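What follows is the content of structure_28.pdb, which has PDB, C-alpha atoms, pLDDT in the B column:
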```pdb
ATOM      1  CA  MET A  15       5.620 -18.735   9.502  1.00 37.00           C
ATOM      2  CA  PRO A  16       6.861 -18.571   5.886  1.00 41.00           C
ATOM      3  CA  CYS A  17       6.193 -15.557   3.739  1.00 42.00           C
ATOM      4  CA  GLU A  18       4.598 -17.560   0.946  1.00 40.00           C
ATOM      5  CA  THR A  19       1.505 -18.799   2.723  1.00 39.00           C
ATOM      6  CA  SER A  20      -1.859 -19.793   1.357  1.00 39.00           C
ATOM      7  CA  HIS A  21      -3.610 -17.796   4.072  1.00 40.00           C
ATOM      8  CA  THR A  22      -6.831 -16.167   2.915  1.00 41.00           C
ATOM      9  CA  TYR A  23      -6.994 -12.517   3.741  1.00 39.00           C
ATOM     10  CA  THR A  24      -9.760 -10.631   5.442  1.00 43.00           C
ATOM     11  CA  SER A  25     -12.318  -9.024   3.187  1.00 42.00           C
ATOM     12  CA  ARG A  26     -11.538  -5.402   4.106  1.00 47.00           C
ATOM     13  CA  PRO A  27      -8.161  -3.791   4.576  1.00 51.00           C
ATOM     14  CA  LEU A  28      -7.680  -2.689   8.150  1.00 58.00           C
ATOM     15  CA  PHE A  29      -6.420   0.820   7.424  1.00 62.00           C
ATOM     16  CA  THR A  30      -9.962   1.663   6.350  1.00 56.00           C
ATOM     17  CA  LYS A  31     -11.180   0.810   9.870  1.00 62.00           C
ATOM     18  CA  THR A  32     -10.448   2.678  13.075  1.00 64.00           C
ATOM     19  CA  PRO A  33      -6.771   3.095  13.982  1.00 65.00           C
ATOM     20  CA  LYS A  34      -7.330   1.044  17.167  1.00 67.00           C
ATOM     21  CA  LYS A  35      -8.732  -1.942  15.264  1.00 72.00           C
ATOM     22  CA  ALA A  36      -5.959  -1.709  12.680  1.00 71.00           C
ATOM     23  CA  SER A  37      -3.210  -1.535  15.305  1.00 73.00           C
ATOM     24  CA  ASP A  38      -4.537  -4.649  17.069  1.00 80.00           C
ATOM     25  CA  VAL A  39      -3.696  -6.828  14.073  1.00 86.00           C
ATOM     26  CA  PRO A  40      -0.148  -8.236  14.086  1.00 89.00           C
ATOM     27  CA  LEU A  41       2.157  -7.270  11.241  1.00 89.00           C
ATOM     28  CA  ALA A  42       2.618 -10.990  10.436  1.00 90.00           C
ATOM     29  CA  THR A  43      -1.096 -11.252   9.615  1.00 91.00           C
ATOM     30  CA  ILE A  44      -0.967  -8.139   7.463  1.00 92.00           C
ATOM     31  CA  ARG A  45       2.103  -9.544   5.683  1.00 93.00           C
ATOM     32  CA  GLU A  46       0.243 -12.820   5.008  1.00 94.00           C
ATOM     33  CA  ASN A  47      -2.644 -10.822   3.540  1.00 93.00           C
ATOM     34  CA  CYS A  48      -0.194  -8.902   1.383  1.00 95.00           C
ATOM     35  CA  VAL A  49       1.517 -12.054   0.109  1.00 96.00           C
ATOM     36  CA  ALA A  50      -1.826 -13.679  -0.722  1.00 96.00           C
ATOM     37  CA  SER A  51      -2.897 -10.486  -2.487  1.00 96.00           C
ATOM     38  CA  LEU A  52       0.326 -10.235  -4.472  1.00 97.00           C
ATOM     39  CA  ARG A  53      -0.056 -13.873  -5.519  1.00 96.00           C
ATOM     40  CA  GLN A  54      -3.611 -13.125  -6.672  1.00 95.00           C
ATOM     41  CA  LEU A  55      -2.356 -10.119  -8.646  1.00 96.00           C
ATOM     42  CA  GLU A  56       0.528 -12.197 -10.004  1.00 96.00           C
ATOM     43  CA  ALA A  57      -2.034 -14.434 -11.711  1.00 94.00           C
ATOM     44  CA  MET A  58      -3.041 -11.362 -13.770  1.00 92.00           C
ATOM     45  CA  ASP A  59       0.450  -9.872 -14.138  1.00 93.00           C
ATOM     46  CA  PRO A  60       3.578 -11.954 -13.410  1.00 95.00           C
ATOM     47  CA  GLU A  61       5.512  -8.794 -12.491  1.00 93.00           C
ATOM     48  CA  PHE A  62       3.745  -8.735  -9.104  1.00 96.00           C
ATOM     49  CA  GLY A  63       5.569 -11.913  -8.038  1.00 93.00           C
ATOM     50  CA  VAL A  64       8.896 -10.144  -7.677  1.00 94.00           C
ATOM     51  CA  PHE A  65       7.484  -7.842  -4.982  1.00 96.00           C
ATOM     52  CA  VAL A  66       6.853 -10.791  -2.653  1.00 94.00           C
ATOM     53  CA  THR A  67      10.581 -11.488  -2.626  1.00 91.00           C
ATOM     54  CA  LEU A  68      11.597  -7.834  -2.442  1.00 91.00           C
ATOM     55  CA  LEU A  69       9.166  -6.490   0.152  1.00 93.00           C
ATOM     56  CA  CYS A  70       7.655  -9.361   2.146  1.00 91.00           C
ATOM     57  CA  LYS A  71      10.688 -10.629   4.030  1.00 85.00           C
ATOM     58  CA  PRO A  72       9.515 -11.630   7.513  1.00 79.00           C
ATOM     59  CA  ASN A  73      12.681 -10.464   9.287  1.00 79.00           C
ATOM     60  CA  GLU A  74      13.384  -7.269   7.348  1.00 81.00           C
ATOM     61  CA  LYS A  75      15.057  -4.541   9.415  1.00 84.00           C
ATOM     62  CA  GLU A  76      13.098  -1.463  10.400  1.00 86.00           C
ATOM     63  CA  ARG A  77      13.541   1.494   8.065  1.00 86.00           C
ATOM     64  CA  GLY A  78      15.340   3.530  10.704  1.00 86.00           C
ATOM     65  CA  LEU A  79      18.099   0.921  10.856  1.00 91.00           C
ATOM     66  CA  LEU A  80      18.741   0.948   7.118  1.00 90.00           C
ATOM     67  CA  THR A  81      21.221   3.134   5.281  1.00 93.00           C
ATOM     68  CA  SER A  82      19.936   5.981   3.123  1.00 94.00           C
ATOM     69  CA  ALA A  83      20.910   3.991   0.002  1.00 95.00           C
ATOM     70  CA  GLU A  84      18.918   0.969   1.223  1.00 93.00           C
ATOM     71  CA  ASN A  85      15.938   3.190   1.994  1.00 93.00           C
ATOM     72  CA  GLU A  86      16.176   4.786  -1.453  1.00 95.00           C
ATOM     73  CA  THR A  87      16.141   1.335  -3.080  1.00 95.00           C
ATOM     74  CA  ILE A  88      13.079   0.343  -1.053  1.00 95.00           C
ATOM     75  CA  ASP A  89      11.333   3.628  -1.930  1.00 96.00           C
ATOM     76  CA  THR A  90      11.968   3.045  -5.632  1.00 97.00           C
ATOM     77  CA  THR A  91      10.600  -0.501  -5.396  1.00 97.00           C
ATOM     78  CA  ILE A  92       7.547   0.729  -3.484  1.00 97.00           C
ATOM     79  CA  GLU A  93       6.883   3.456  -6.043  1.00 97.00           C
ATOM     80  CA  ASP A  94       7.038   0.890  -8.839  1.00 97.00           C
ATOM     81  CA  LEU A  95       4.594  -1.319  -6.945  1.00 98.00           C
ATOM     82  CA  LEU A  96       2.207   1.579  -6.254  1.00 97.00           C
ATOM     83  CA  PHE A  97       2.078   2.487  -9.948  1.00 96.00           C
ATOM     84  CA  ARG A  98       1.434  -1.161 -10.872  1.00 95.00           C
ATOM     85  CA  LEU A  99      -1.319  -1.356  -8.251  1.00 95.00           C
ATOM     86  CA  SER A 100      -2.959   1.755  -9.646  1.00 92.00           C
ATOM     87  CA  LEU A 101      -3.292   0.050 -13.031  1.00 90.00           C
ATOM     88  CA  ARG A 102      -5.095  -2.871 -11.396  1.00 91.00           C
ATOM     89  CA  MET A 103      -7.356  -0.883  -9.107  1.00 87.00           C
ATOM     90  CA  SER A 104      -9.555   0.192 -12.002  1.00 76.00           C
ATOM     91  CA  ASN A 105     -10.175  -1.412 -15.339  1.00 58.00           C
ATOM     92  CA  ARG A 106     -10.520   0.482 -18.613  1.00 46.00           C
ATOM     93  CA  ASN A 107     -14.099   1.490 -17.827  1.00 50.00           C
ATOM     94  CA  GLY A 108     -13.126   2.990 -14.486  1.00 50.00           C
ATOM     95  CA  ASN A 109     -14.733   0.117 -12.616  1.00 50.00           C
ATOM     96  CA  SER A 110     -12.822  -2.202 -10.361  1.00 56.00           C
ATOM     97  CA  ASN A 111     -13.257  -5.870  -9.640  1.00 71.00           C
ATOM     98  CA  ASN A 112     -13.941  -6.005  -5.879  1.00 83.00           C
ATOM     99  CA  ASN A 113     -11.479  -8.866  -5.330  1.00 87.00           C
ATOM    100  CA  THR A 114      -8.746  -7.086  -7.258  1.00 91.00           C
ATOM    101  CA  LEU A 115      -9.397  -3.809  -5.466  1.00 91.00           C
ATOM    102  CA  ALA A 116      -9.333  -5.554  -2.081  1.00 90.00           C
ATOM    103  CA  ALA A 117      -6.058  -7.249  -3.012  1.00 94.00           C
ATOM    104  CA  CYS A 118      -4.526  -3.904  -4.005  1.00 94.00           C
ATOM    105  CA  LEU A 119      -5.667  -2.280  -0.775  1.00 93.00           C
ATOM    106  CA  HIS A 120      -4.224  -5.130   1.295  1.00 93.00           C
ATOM    107  CA  VAL A 121      -0.865  -4.515  -0.343  1.00 96.00           C
ATOM    108  CA  VAL A 122      -1.144  -0.779   0.397  1.00 95.00           C
ATOM    109  CA  GLU A 123      -2.024  -1.629   3.988  1.00 93.00           C
ATOM    110  CA  TYR A 124       1.149  -3.681   4.379  1.00 94.00           C
ATOM    111  CA  LEU A 125       3.229  -0.907   2.848  1.00 95.00           C
ATOM    112  CA  LEU A 126       1.700   1.557   5.299  1.00 93.00           C
ATOM    113  CA  ARG A 127       2.388  -0.622   8.330  1.00 91.00           C
ATOM    114  CA  LYS A 128       5.757  -2.107   7.423  1.00 93.00           C
ATOM    115  CA  TYR A 129       7.414   0.645   5.410  1.00 94.00           C
ATOM    116  CA  ASP A 130       5.653   3.790   6.710  1.00 92.00           C
ATOM    117  CA  ILE A 131       5.022   4.998   3.173  1.00 94.00           C
ATOM    118  CA  HIS A 132       2.675   7.681   4.493  1.00 93.00           C
ATOM    119  CA  LEU A 133       5.523   9.240   6.516  1.00 91.00           C
ATOM    120  CA  ARG A 134       8.149   9.415   3.781  1.00 93.00           C
ATOM    121  CA  PRO A 135       7.570  12.385   1.426  1.00 94.00           C
ATOM    122  CA  LYS A 136       8.588  10.551  -1.759  1.00 95.00           C
ATOM    123  CA  THR A 137       6.333   7.519  -1.235  1.00 96.00           C
ATOM    124  CA  ALA A 138       3.523   9.560   0.340  1.00 96.00           C
ATOM    125  CA  SER A 139       3.424  11.800  -2.721  1.00 97.00           C
ATOM    126  CA  THR A 140       3.397   8.783  -5.027  1.00 97.00           C
ATOM    127  CA  MET A 141       0.592   7.204  -3.016  1.00 96.00           C
ATOM    128  CA  ILE A 142      -1.547  10.323  -3.368  1.00 97.00           C
ATOM    129  CA  LEU A 143      -0.812  10.442  -7.089  1.00 96.00           C
ATOM    130  CA  VAL A 144      -1.880   6.846  -7.701  1.00 95.00           C
ATOM    131  CA  MET A 145      -4.931   7.145  -5.426  1.00 94.00           C
ATOM    132  CA  LEU A 146      -6.155  10.453  -6.850  1.00 94.00           C
ATOM    133  CA  PRO A 147      -8.365   8.762  -9.476  1.00 92.00           C
ATOM    134  CA  HIS A 148     -10.181   7.155  -6.526  1.00 90.00           C
ATOM    135  CA  HIS A 149     -10.924  10.455  -4.787  1.00 91.00           C
ATOM    136  CA  GLU A 150     -14.605   9.558  -4.383  1.00 90.00           C
ATOM    137  CA  GLU A 151     -13.840   6.344  -2.494  1.00 88.00           C
ATOM    138  CA  PRO A 152     -13.789   6.222   1.336  1.00 86.00           C
ATOM    139  CA  TYR A 153     -10.282   4.733   1.373  1.00 88.00           C
ATOM    140  CA  PHE A 154      -8.927   7.835  -0.377  1.00 92.00           C
ATOM    141  CA  LEU A 155     -10.043  10.012   2.520  1.00 90.00           C
ATOM    142  CA  ARG A 156      -8.456   7.601   5.005  1.00 89.00           C
ATOM    143  CA  ILE A 157      -5.170   7.740   3.094  1.00 91.00           C
ATOM    144  CA  LEU A 158      -5.288  11.549   3.106  1.00 92.00           C
ATOM    145  CA  GLN A 159      -5.826  11.471   6.864  1.00 90.00           C
ATOM    146  CA  LEU A 160      -2.743   9.293   7.327  1.00 89.00           C
ATOM    147  CA  ILE A 161      -0.452  11.602   5.343  1.00 92.00           C
ATOM    148  CA  ASP A 162       0.899  14.843   6.777  1.00 91.00           C
ATOM    149  CA  LEU A 163       0.000  17.087   3.859  1.00 93.00           C
ATOM    150  CA  ALA A 164       1.845  20.025   5.460  1.00 91.00           C
ATOM    151  CA  ASN A 165       5.097  18.285   4.465  1.00 91.00           C
ATOM    152  CA  LEU A 166       3.966  17.954   0.854  1.00 95.00           C
ATOM    153  CA  PRO A 167       3.479  21.465  -0.576  1.00 95.00           C
ATOM    154  CA  GLU A 168       2.528  20.105  -4.009  1.00 96.00           C
ATOM    155  CA  TRP A 169      -0.527  18.455  -2.407  1.00 96.00           C
ATOM    156  CA  SER A 170      -1.453  21.299  -0.035  1.00 92.00           C
ATOM    157  CA  PHE A 171      -4.692  21.930  -1.942  1.00 94.00           C
ATOM    158  CA  LEU A 172      -5.968  18.614  -0.489  1.00 94.00           C
ATOM    159  CA  ARG A 173      -5.596  19.760   3.141  1.00 92.00           C
ATOM    160  CA  PRO A 174      -9.235  20.902   3.493  1.00 92.00           C
ATOM    161  CA  PHE A 175     -10.377  17.401   2.524  1.00 86.00           C
ATOM    162  CA  ALA A 176      -8.209  15.478   5.002  1.00 84.00           C
TER     163      ALA A 176
END
```

Starting from the coordinates I provided, produce the structure as structure tokens.
Amino acid sequence: MPCETSHTYTSRPLFTKTPKKASDVPLATIRENCVASLRQLEAMDPEFGVFVTLLCKPNEKERGLLTSAENETIDTTIEDLLFRLSLRMSNRNGNSNNNTLAACLHVVEYLLRKYDIHLRPKTASTMILVMLPHHEEPYFLRILQLIDLANLPEWSFLRPFA
């Protein structure tokens, strides 16, 4: 199954559902959702297209098999993507287009499943930073629950909310 598919993604990202339901969905399906979402975002900002090539390789090695330099490069790319997503999640008025928000969350979901961004301190911290403006949204709480805040002293004040 090629990475650049025209598959239409599900309406809600799975990480916002129960962990059991989310784990039942194959990574290939989540990757297809991510690619479709990045293509949708690319229509608004061409810079999103590069992330399909960089992060959506179907046969990418697991992070534990990569060198520290390779992992650092991936982390930097992921941080760049997270900051770009944060700009699209809300418009100037603080409101978000539901389709754009869903697309952004599908990309985050893929990053969580494929790259374990919630387990790596650098990317977990960046994810909290870019999601903080959405602290009133249910997905923010779910993201906090996925991250081990004990390993991130700069975010320890959020522990009571996770």

What does the PyMOL selection byres ((chain A and resi 141) around 9) select in this file, as an mmCIF file with C-alpha atoms, in the frame of the given file?
```cif
data_model
loop_
_atom_site.group_PDB
_atom_site.id
_atom_site.type_symbol
_atom_site.label_atom_id
_atom_site.label_comp_id
_atom_site.auth_asym_id
_atom_site.auth_seq_id
_atom_site.Cartn_x
_atom_site.Cartn_y
_atom_site.Cartn_z
ATOM 1 C CA GLU A 93 6.883 3.456 -6.043
ATOM 2 C CA LEU A 96 2.207 1.579 -6.254
ATOM 3 C CA PHE A 97 2.078 2.487 -9.948
ATOM 4 C CA VAL A 122 -1.144 -0.779 0.397
ATOM 5 C CA ILE A 131 5.022 4.998 3.173
ATOM 6 C CA HIS A 132 2.675 7.681 4.493
ATOM 7 C CA LYS A 136 8.588 10.551 -1.759
ATOM 8 C CA THR A 137 6.333 7.519 -1.235
ATOM 9 C CA ALA A 138 3.523 9.560 0.340
ATOM 10 C CA SER A 139 3.424 11.800 -2.721
ATOM 11 C CA THR A 140 3.397 8.783 -5.027
ATOM 12 C CA ILE A 142 -1.547 10.323 -3.368
ATOM 13 C CA LEU A 143 -0.812 10.442 -7.089
ATOM 14 C CA VAL A 144 -1.880 6.846 -7.701
ATOM 15 C CA MET A 145 -4.931 7.145 -5.426
ATOM 16 C CA LEU A 146 -6.155 10.453 -6.850
ATOM 17 C CA ILE A 157 -5.170 7.740 3.094
#
```

Coordinates-based distance that separates atom CA of A:Phe175 from atom CA of A:Thr91 (Å, one decimal):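 Atom-to-atom, atom CA of A:Thr91 to atom CA of A:Phe175, that is 28.7 Å.
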
Counting only C-alpha atoms, the option among A:Cys70, A:Leu133, A:Met58, A:Leu126 closest to A:Arg102: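 Ranking A:Cys70, A:Leu133, A:Met58, A:Leu126 by distance to A:Arg102, first place goes to A:Met58.
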
Pick from A:Ala164, A:Leu101, A:Leu158, A:Leu55, whichever lies nearest to A:Ala116 using all atoms listed in the file: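 Of all the options, A:Leu55 lies closest to A:Ala116.
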
Selection under test: the PyMOL selection byres ((chain A and resi 117) around 8); residues as a VMD selection string: chain A and resid 48 51 to 52 54 to 55 113 to 116 118 to 121

Test item: residues at most 8 Å from stretch 39-43 of chain A, only C-alpha atoms, excluding those fewer than 2 positions along its chain, as a PyMOL selection string: chain A and resi 35-37+45-47+72+124+127-128
